[in-house]
Amino acid sequence: MTITENLNQQQLMAVSYQPANLLVLAGAGSGKTKVLVSRIAYLIQNHRIGPANIMAVTFTNKAAREMRERLEKMLQFPVTSMWVGTFHGLAHRFLRAHWQEAGLSQHFQIIDSEDQFRIIKRLQKDLDLAEERWPIKQTQWFINNKKDQGIRPQHIQYGAHDIFDKTLTKVYELYTEYCKRNNVVDFAELLLRTHEVLRDNLSLLEHYQDRFKHILVDEFQDTNDIQYAFVKLICGRDNFLTAVGDDDQSIYGWRGAKIENIQKLTKDFKDTITIRLEQNYRSTKNILAASNAVIEKNSNRLGKKLWTDGETGGLITLYSAMNDIDEASFIVKSILHEIHDGASRNDIAILYRSNAQSRVLEEQLIQAGLPYRIYGGMRFFDRAEIKDALAYLRLLNNENDDAALERIINVPTRGVGNVTLNKIRDLAKANNLSLWQSAKQHISGNLLAARAHNSLQNFIELIENIKTETENLAIAEQIEHVLFRASLKEFYSKDKSDRGRMRLDNLNELVSAAREFDDNNDEASMSLFLAHAALESGDDGNSGDTECVQLMTLHSAKGLEFPIVFISGLEQGLFPHQLSMSEPDKLEEERRLCYVGMTRAMQKLYLTHAQLRRLHGNEQYRRPSCFLYDLPEELLDKRSGMSLFTTSTTYSQKQPESKATIPQNTSFENNKYSIGQLVEHATFGVGTILNFEGAGDNLRIQVNFKSCGTKLLAAAYAKLNPL
């Protein structure tokens, strides 16, 4: 089979276009991975571009592995010299090669999100910042967000009275000093440091610009500021960028992704050619028509329209449920019907906007005896027993890794409690020492009570003995020895439950993972294995042979496809989310999320909403999602449970959403108010209606006022004047 065989006209153009800056707008299910791999193969085979002159960037380690495997199968020879990986993985590779220029020691370690959390918590405690007022997660987001924007602590500007930014910047400063002192880097630091090194070392930058003549980036719509800056920097005057992505599937703005990056690419990269992949190979005509109708309502799109040569398919089922229990019951009954008609449980996915929605769905699935799996559960390298083992390995590899020491100094329990640990911390802070150095000073100086002294000395001797005993062992043998000498297997074997057995199995699997890593890497070392484990912790680890219905958030569903898809909870305030309804940019991202969810479906799509929902302990009347009004009536098979209201729900495009499903017994005379409408209050001024809840005399209106934020007002007394 040739590289260009079985490609449609637009795919062929994207694959075989002469070396140039390309923006490939690849719609859902349009074969973008095939195009990306074929483009690389075409450059190698037809333009004589060496694999070493190509950098390919993906967003998951799994995608990177699959890309390399498919490419080697297509070319029939290995491409080991080609740089292919995630932004973080490639940045780590760069920093390993240029640790001196980066101001790092040769054996620097990567800390994951949990380690970062523990470090920040400790620093805030040192500053006497109450966690209730200064949540650790908030500080963690602040630091990572600044790094993603390329901003160091000294670059942050804040007013004299801006206590929020001033305080968090101080933590950021201390955190930066901590990481430097302990020779560790977090995920955000990997790319920021790489960008800074290239920016500030012209000869090094020119070296990589000369090497990587072609840079190809997948999922370009998901890039953040520093990733975009890195790509722009590495693409010199004579380099060519192929950016593959879809602005209609940009759904990660909440974690720093900038849709503007793909929108401004043609301006920042000269003579960029745009090629649209619009032929869909996944979904039926009806599903695509409905999906196109939803996304077309967004503004500032680069523009494309999915189509297919495939079958028309059945109508989209739209169910208006009496309440969330009725909704879940309908979904489960429909699943049983689909299974009866020949579908596999693995073919079916239930998608939802919020994890809190899964509880009722799970209850109904359990009652029906349907096995299910929550997609995106605990990942292998994120499991507690694995992180414990890795912490021992990290401490053996770098005695000054404070986060690793704190995690395992008393795991298994060995009599080193918080009192002792706090003393170690205090001395370390006062003398600018690592915790390991501080612990050794406590022993040599007899600074502890006898019992604590003996416990701490035993721990230090254990680590030093293991280090000596494993010095010349292969990675897998080192891990086996650590698991035995540190008594981790003995510790977990005391738990006779299935959970205990599972943890032991996981520890054994860690040894297998090390052997596999050793087999696949010519120059394998413990440092590289630990980096591999840290980078792999971002990949999904679900597995299992049991056929299960898949449950997941809409965000988790991106990149997946299923023959049968249910999207539940299509209600104002839930989907679109409450926090997005008053901000146009966020509402457009919610619409893109709806589009992503709908285009996961291959053969059958169910959309459901409830008129009454109990969520977070509160029961609320719910309006149908504004997205439902974008759906052409002729594509819908509309069904409903026993209505709570005397008026029926309609989804005509001519029907304003304010007319749908309004209780008759309300204070809204003639339905004169609607979600999104501007109103004026005598005290609070002008605001936007966000939502309604309750009924009759208890009906309340949620309004976002420009002057004072969101208020929940009793309809009978608010006296809101429509504008």
# chains A, B, ... in the order shown; residues from 1 in each chain; ligands from 1
call {"tool": "residues_around", "arguments": {"residues": "region 26-35 of chain A", "least_positions_apart": "4", "cutoff": "8 Å", "atoms": "only C-alpha atoms", "output": "PyMOL selection string"}}
result
chain A and resi 11+14-15+39+67+244-246+248+276-283+304+306+596+599
call {"tool": "write_last_selection", "arguments": {"atoms": "N, CA and C atoms", "output": "PDB file, in the first residue's frame"}}
result
ATOM      1  N   GLN A  11      -7.744  15.108   1.984  1.00  0.00           N
ATOM      2  CA  GLN A  11      -6.691  14.425   2.735  1.00  0.00           C
ATOM      3  C   GLN A  11      -5.417  14.333   1.900  1.00  0.00           C
ATOM      4  N   ALA A  14      -3.593  17.614   1.825  1.00  0.00           N
ATOM      5  CA  ALA A  14      -2.886  17.883   3.077  1.00  0.00           C
ATOM      6  C   ALA A  14      -1.621  17.048   3.198  1.00  0.00           C
ATOM      7  N   VAL A  15      -1.686  15.812   2.737  1.00  0.00           N
ATOM      8  CA  VAL A  15      -0.541  14.899   2.843  1.00  0.00           C
ATOM      9  C   VAL A  15       0.569  15.267   1.865  1.00  0.00           C
ATOM     10  N   ARG A  39       1.415  12.487   6.272  1.00  0.00           N
ATOM     11  CA  ARG A  39       2.172  13.691   5.918  1.00  0.00           C
ATOM     12  C   ARG A  39       3.650  13.518   6.286  1.00  0.00           C
ATOM     13  N   MET A  67       1.523   7.046  16.963  1.00  0.00           N
ATOM     14  CA  MET A  67       2.033   7.729  15.772  1.00  0.00           C
ATOM     15  C   MET A  67       3.331   7.081  15.295  1.00  0.00           C
ATOM     16  N   VAL A 244      -2.347  20.796  12.918  1.00  0.00           N
ATOM     17  CA  VAL A 244      -3.589  20.053  12.697  1.00  0.00           C
ATOM     18  C   VAL A 244      -4.494  20.283  13.893  1.00  0.00           C
ATOM     19  N   GLY A 245      -5.718  20.684  13.641  1.00  0.00           N
ATOM     20  CA  GLY A 245      -6.623  20.934  14.757  1.00  0.00           C
ATOM     21  C   GLY A 245      -7.998  21.328  14.282  1.00  0.00           C
ATOM     22  N   ASP A 246      -8.831  21.690  15.246  1.00  0.00           N
ATOM     23  CA  ASP A 246     -10.220  22.037  14.959  1.00  0.00           C
ATOM     24  C   ASP A 246     -10.680  23.066  15.977  1.00  0.00           C
ATOM     25  N   ASP A 248     -13.486  24.191  16.368  1.00  0.00           N
ATOM     26  CA  ASP A 248     -14.795  23.807  16.896  1.00  0.00           C
ATOM     27  C   ASP A 248     -14.696  22.797  18.037  1.00  0.00           C
ATOM     28  N   ARG A 276      -9.140  22.220   4.618  1.00  0.00           N
ATOM     29  CA  ARG A 276     -10.232  21.752   5.474  1.00  0.00           C
ATOM     30  C   ARG A 276     -10.560  20.291   5.202  1.00  0.00           C
ATOM     31  N   LEU A 277     -10.575  19.500   6.270  1.00  0.00           N
ATOM     32  CA  LEU A 277     -11.018  18.103   6.182  1.00  0.00           C
ATOM     33  C   LEU A 277     -12.436  18.058   6.723  1.00  0.00           C
ATOM     34  N   GLU A 278     -13.407  17.937   5.834  1.00  0.00           N
ATOM     35  CA  GLU A 278     -14.811  18.026   6.226  1.00  0.00           C
ATOM     36  C   GLU A 278     -15.584  16.725   6.045  1.00  0.00           C
ATOM     37  N   GLN A 279     -14.995  15.781   5.312  1.00  0.00           N
ATOM     38  CA  GLN A 279     -15.685  14.503   5.134  1.00  0.00           C
ATOM     39  C   GLN A 279     -15.515  13.661   6.392  1.00  0.00           C
ATOM     40  N   ASN A 280     -16.637  13.283   6.979  1.00  0.00           N
ATOM     41  CA  ASN A 280     -16.652  12.538   8.238  1.00  0.00           C
ATOM     42  C   ASN A 280     -16.833  11.049   7.955  1.00  0.00           C
ATOM     43  N   TYR A 281     -16.046  10.230   8.651  1.00  0.00           N
ATOM     44  CA  TYR A 281     -16.118   8.776   8.462  1.00  0.00           C
ATOM     45  C   TYR A 281     -16.672   8.075   9.700  1.00  0.00           C
ATOM     46  N   ARG A 282     -17.274   8.843  10.601  1.00  0.00           N
ATOM     47  CA  ARG A 282     -17.722   8.290  11.872  1.00  0.00           C
ATOM     48  C   ARG A 282     -19.234   8.236  11.997  1.00  0.00           C
ATOM     49  N   SER A 283     -19.899   9.352  11.759  1.00  0.00           N
ATOM     50  CA  SER A 283     -21.298   9.512  12.155  1.00  0.00           C
ATOM     51  C   SER A 283     -22.246   9.482  10.965  1.00  0.00           C
ATOM     52  N   LYS A 304     -16.197  25.454   8.713  1.00  0.00           N
ATOM     53  CA  LYS A 304     -16.228  24.197   7.973  1.00  0.00           C
ATOM     54  C   LYS A 304     -17.559  23.526   8.266  1.00  0.00           C
ATOM     55  N   LEU A 306     -19.220  19.554   8.371  1.00  0.00           N
ATOM     56  CA  LEU A 306     -19.019  18.113   8.217  1.00  0.00           C
ATOM     57  C   LEU A 306     -20.089  17.505   7.314  1.00  0.00           C
ATOM     58  N   VAL A 596     -18.704  18.567  20.517  1.00  0.00           N
ATOM     59  CA  VAL A 596     -17.784  17.443  20.717  1.00  0.00           C
ATOM     60  C   VAL A 596     -18.551  16.215  21.182  1.00  0.00           C
ATOM     61  N   THR A 599     -20.687  14.642  18.342  1.00  0.00           N
ATOM     62  CA  THR A 599     -19.905  13.998  17.281  1.00  0.00           C
ATOM     63  C   THR A 599     -19.128  12.780  17.764  1.00  0.00           C
TER      64      THR A 599
END
call {"tool": "residues_around", "arguments": {"residues": "Leu71 (chain A)", "least_positions_apart": "3", "cutoff": "8 Å", "atoms": "only C-alpha atoms", "output": "PyMOL selection string"}}
result
chain A and resi 37-38+40-41+67-68+74-75+79
call {"tool": "select_by_dssp", "arguments": {"residues": "region 100-212 of chain A", "states": "helix (DSSP H, G or I)", "output": "PyMOL selection string"}}
result
chain A and resi 113-126+136-148+153-155+163-182+187-200+202-211
call {"tool": "write_last_selection", "arguments": {"atoms": "C-alpha atoms", "output": "PDB file, in the first residue's frame"}}
result
ATOM      1  CA  SER A 113       0.734  17.522  40.698  1.00  0.00           C
ATOM      2  CA  GLU A 114       0.381  15.769  44.057  1.00  0.00           C
ATOM      3  CA  ASP A 115       3.992  16.470  45.028  1.00  0.00           C
ATOM      4  CA  GLN A 116       3.555  20.079  43.978  1.00  0.00           C
ATOM      5  CA  PHE A 117       0.446  20.320  46.152  1.00  0.00           C
ATOM      6  CA  ARG A 118       2.329  19.000  49.197  1.00  0.00           C
ATOM      7  CA  ILE A 119       5.204  21.440  48.677  1.00  0.00           C
ATOM      8  CA  ILE A 120       2.887  24.434  48.347  1.00  0.00           C
ATOM      9  CA  LYS A 121       0.950  23.332  51.422  1.00  0.00           C
ATOM     10  CA  ARG A 122       4.150  23.236  53.439  1.00  0.00           C
ATOM     11  CA  LEU A 123       5.267  26.667  52.183  1.00  0.00           C
ATOM     12  CA  GLN A 124       1.932  28.254  53.006  1.00  0.00           C
ATOM     13  CA  LYS A 125       2.096  26.749  56.462  1.00  0.00           C
ATOM     14  CA  ASP A 126       5.517  28.357  56.918  1.00  0.00           C
ATOM     15  CA  ILE A 136      -3.758  25.133  48.197  1.00  0.00           C
ATOM     16  CA  LYS A 137      -5.437  24.290  44.890  1.00  0.00           C
ATOM     17  CA  GLN A 138      -5.952  27.995  44.237  1.00  0.00           C
ATOM     18  CA  THR A 139      -2.256  28.740  44.759  1.00  0.00           C
ATOM     19  CA  GLN A 140      -1.274  25.731  42.668  1.00  0.00           C
ATOM     20  CA  TRP A 141      -3.468  26.974  39.807  1.00  0.00           C
ATOM     21  CA  PHE A 142      -2.010  30.486  40.163  1.00  0.00           C
ATOM     22  CA  ILE A 143       1.575  29.244  39.866  1.00  0.00           C
ATOM     23  CA  ASN A 144       0.926  26.887  36.960  1.00  0.00           C
ATOM     24  CA  ASN A 145      -1.185  29.463  35.144  1.00  0.00           C
ATOM     25  CA  LYS A 146       1.581  32.058  35.418  1.00  0.00           C
ATOM     26  CA  LYS A 147       4.125  29.560  34.116  1.00  0.00           C
ATOM     27  CA  ASP A 148       1.829  28.630  31.218  1.00  0.00           C
ATOM     28  CA  PRO A 153       7.387  35.857  40.021  1.00  0.00           C
ATOM     29  CA  GLN A 154       9.507  38.953  39.385  1.00  0.00           C
ATOM     30  CA  HIS A 155       7.402  39.797  36.330  1.00  0.00           C
ATOM     31  CA  ILE A 163      -3.332  41.403  48.806  1.00  0.00           C
ATOM     32  CA  PHE A 164      -4.387  38.414  46.660  1.00  0.00           C
ATOM     33  CA  ASP A 165      -1.722  38.655  43.944  1.00  0.00           C
ATOM     34  CA  LYS A 166       0.884  39.900  46.408  1.00  0.00           C
ATOM     35  CA  THR A 167       0.429  36.915  48.718  1.00  0.00           C
ATOM     36  CA  LEU A 168       0.315  34.291  45.967  1.00  0.00           C
ATOM     37  CA  THR A 169       3.340  35.842  44.270  1.00  0.00           C
ATOM     38  CA  LYS A 170       5.255  35.466  47.537  1.00  0.00           C
ATOM     39  CA  VAL A 171       4.352  31.763  47.633  1.00  0.00           C
ATOM     40  CA  TYR A 172       5.390  31.508  43.972  1.00  0.00           C
ATOM     41  CA  GLU A 173       8.786  33.023  44.869  1.00  0.00           C
ATOM     42  CA  LEU A 174       9.346  30.600  47.749  1.00  0.00           C
ATOM     43  CA  TYR A 175       8.175  27.698  45.589  1.00  0.00           C
ATOM     44  CA  THR A 176      10.664  28.654  42.876  1.00  0.00           C
ATOM     45  CA  GLU A 177      13.485  28.771  45.434  1.00  0.00           C
ATOM     46  CA  TYR A 178      12.400  25.403  46.847  1.00  0.00           C
ATOM     47  CA  CYS A 179      12.445  23.727  43.430  1.00  0.00           C
ATOM     48  CA  LYS A 180      15.877  25.162  42.658  1.00  0.00           C
ATOM     49  CA  ARG A 181      17.257  24.033  46.024  1.00  0.00           C
ATOM     50  CA  ASN A 182      15.852  20.514  45.655  1.00  0.00           C
ATOM     51  CA  PHE A 187       5.256  19.963  34.477  1.00  0.00           C
ATOM     52  CA  ALA A 188       4.711  23.645  33.702  1.00  0.00           C
ATOM     53  CA  GLU A 189       8.373  24.352  34.385  1.00  0.00           C
ATOM     54  CA  LEU A 190       9.534  21.849  31.761  1.00  0.00           C
ATOM     55  CA  LEU A 191       8.254  23.884  28.854  1.00  0.00           C
ATOM     56  CA  LEU A 192       8.843  27.316  30.374  1.00  0.00           C
ATOM     57  CA  ARG A 193      12.489  26.462  31.115  1.00  0.00           C
ATOM     58  CA  THR A 194      12.949  25.015  27.619  1.00  0.00           C
ATOM     59  CA  HIS A 195      11.508  28.146  26.041  1.00  0.00           C
ATOM     60  CA  GLU A 196      13.729  30.405  28.129  1.00  0.00           C
ATOM     61  CA  VAL A 197      16.885  28.427  27.308  1.00  0.00           C
ATOM     62  CA  LEU A 198      16.192  28.564  23.563  1.00  0.00           C
ATOM     63  CA  ARG A 199      15.198  32.235  23.698  1.00  0.00           C
ATOM     64  CA  ASP A 200      18.339  33.249  25.577  1.00  0.00           C
ATOM     65  CA  LEU A 202      20.958  32.057  20.084  1.00  0.00           C
ATOM     66  CA  SER A 203      23.457  29.398  19.019  1.00  0.00           C
ATOM     67  CA  LEU A 204      21.391  26.657  20.643  1.00  0.00           C
ATOM     68  CA  LEU A 205      18.227  27.993  19.033  1.00  0.00           C
ATOM     69  CA  GLU A 206      19.878  28.089  15.617  1.00  0.00           C
ATOM     70  CA  HIS A 207      21.082  24.503  16.111  1.00  0.00           C
ATOM     71  CA  TYR A 208      17.535  23.220  16.646  1.00  0.00           C
ATOM     72  CA  GLN A 209      16.096  25.435  13.933  1.00  0.00           C
ATOM     73  CA  ASP A 210      18.653  23.962  11.524  1.00  0.00           C
ATOM     74  CA  ARG A 211      17.812  20.451  12.695  1.00  0.00           C
TER      75      ARG A 211
END
call {"tool": "select_by_dssp", "arguments": {"residues": "region 113-323 of chain A", "states": "strand (DSSP E)", "output": "JSON, numbers by chain"}}
result
{"A": [184, 185, 214, 215, 216, 217, 240, 241, 242, 243, 244, 245, 273, 274, 275, 276, 277, 316, 317, 318, 319, 320, 321]}
call {"tool": "residues_around", "arguments": {"residues": "region 478-488 of chain A", "least_positions_apart": "6", "cutoff": "10 Å", "atoms": "only C-alpha atoms", "output": "VMD selection string"}}
result
chain A and resid 385 388 to 390 392 to 393 396 408 411 to 412 459 462 to 463 465 to 467 469 to 472 504 507 to 508 510 to 512 514 526
call {"tool": "write_last_selection", "arguments": {"atoms": "C-alpha atoms", "output": "PDB file, in the first residue's frame"}}
result
ATOM      1  CA  GLU A 385       1.040   2.117  46.379  1.00  0.00           C
ATOM      2  CA  ASP A 388       4.948   5.163  47.527  1.00  0.00           C
ATOM      3  CA  ALA A 389       7.323   2.855  45.669  1.00  0.00           C
ATOM      4  CA  LEU A 390       8.341   5.602  43.252  1.00  0.00           C
ATOM      5  CA  TYR A 392      11.552   5.455  47.579  1.00  0.00           C
ATOM      6  CA  LEU A 393      13.198   5.251  44.167  1.00  0.00           C
ATOM      7  CA  LEU A 396      17.514   6.818  46.370  1.00  0.00           C
ATOM      8  CA  ILE A 408       7.653   7.748  52.695  1.00  0.00           C
ATOM      9  CA  VAL A 411       5.420   4.502  55.193  1.00  0.00           C
ATOM     10  CA  PRO A 412       5.214   1.793  56.399  1.00  0.00           C
ATOM     11  CA  PHE A 459      15.249   5.193  58.320  1.00  0.00           C
ATOM     12  CA  LEU A 462      17.723   1.837  55.524  1.00  0.00           C
ATOM     13  CA  ILE A 463      17.923   4.282  52.599  1.00  0.00           C
ATOM     14  CA  ASN A 465      21.920   0.481  52.754  1.00  0.00           C
ATOM     15  CA  ILE A 466      19.391   0.045  49.934  1.00  0.00           C
ATOM     16  CA  LYS A 467      21.355   2.524  47.824  1.00  0.00           C
ATOM     17  CA  GLU A 469      22.785  -2.847  47.727  1.00  0.00           C
ATOM     18  CA  THR A 470      21.123  -1.767  44.464  1.00  0.00           C
ATOM     19  CA  GLU A 471      23.995   0.179  42.948  1.00  0.00           C
ATOM     20  CA  ASN A 472      24.783  -2.285  40.149  1.00  0.00           C
ATOM     21  CA  LEU A 504       0.174  -6.146  45.539  1.00  0.00           C
ATOM     22  CA  LEU A 507       3.448  -3.367  42.768  1.00  0.00           C
ATOM     23  CA  ASN A 508       4.298  -6.454  40.744  1.00  0.00           C
ATOM     24  CA  LEU A 510       5.532  -1.808  38.441  1.00  0.00           C
ATOM     25  CA  VAL A 511       8.399  -4.294  38.205  1.00  0.00           C
ATOM     26  CA  SER A 512       7.029  -5.456  34.843  1.00  0.00           C
ATOM     27  CA  ALA A 514      10.449  -1.331  34.591  1.00  0.00           C
ATOM     28  CA  MET A 526      16.608   4.951  37.036  1.00  0.00           C
TER      29      MET A 526
END
call {"tool": "closest_residue", "arguments": {"among": "A:Ile273, A:Leu361, A:Leu233, A:Leu574", "to": "Leu25 (chain A)", "atoms": "only C-alpha atoms"}}
result
A:Ile273
call {"tool": "closest_atom_pairs", "arguments": {"of": "region 380-402 of chain A", "to": "region 422-435 of chain A", "cutoff": "12 Å", "atoms": "only C-alpha atoms", "output": "tab-separated table"}}
result
residue	atom	partner	partner_atom	distance
A:Leu395	CA	A:Leu435	CA	11.0
A:Asn398	CA	A:Ser434	CA	10.8
A:Glu399	CA	A:Ser434	CA	8.5
A:Asn400	CA	A:Ser434	CA	5.4
A:Asp401	CA	A:Ser434	CA	7.6
A:Asp402	CA	A:Leu435	CA	5.7
call {"tool": "write_last_selection", "arguments": {"atoms": "N, CA and C atoms", "output": "short mmCIF file (atom, residue, chain, number, x, y, z; two decimals), in the first residue's frame"}}
result
data_model
loop_
_atom_site.label_atom_id
_atom_site.label_comp_id
_atom_site.auth_asym_id
_atom_site.auth_seq_id
_atom_site.Cartn_x
_atom_site.Cartn_y
_atom_site.Cartn_z
N LEU A 395 14.00 9.05 46.16
CA LEU A 395 14.89 9.42 47.26
C LEU A 395 16.25 8.74 47.10
N ASN A 398 17.93 10.75 44.42
CA ASN A 398 18.25 12.13 44.81
C ASN A 398 17.86 12.32 46.27
N GLU A 399 18.83 12.25 47.16
CA GLU A 399 18.56 12.34 48.60
C GLU A 399 17.92 13.67 49.00
N ASN A 400 18.04 14.68 48.16
CA ASN A 400 17.51 16.00 48.50
C ASN A 400 16.11 16.24 47.93
N ASP A 401 15.45 15.16 47.53
CA ASP A 401 14.06 15.26 47.06
C ASP A 401 13.14 15.29 48.27
N ASP A 402 12.80 16.50 48.72
CA ASP A 402 12.01 16.66 49.95
C ASP A 402 10.63 16.02 49.85
#
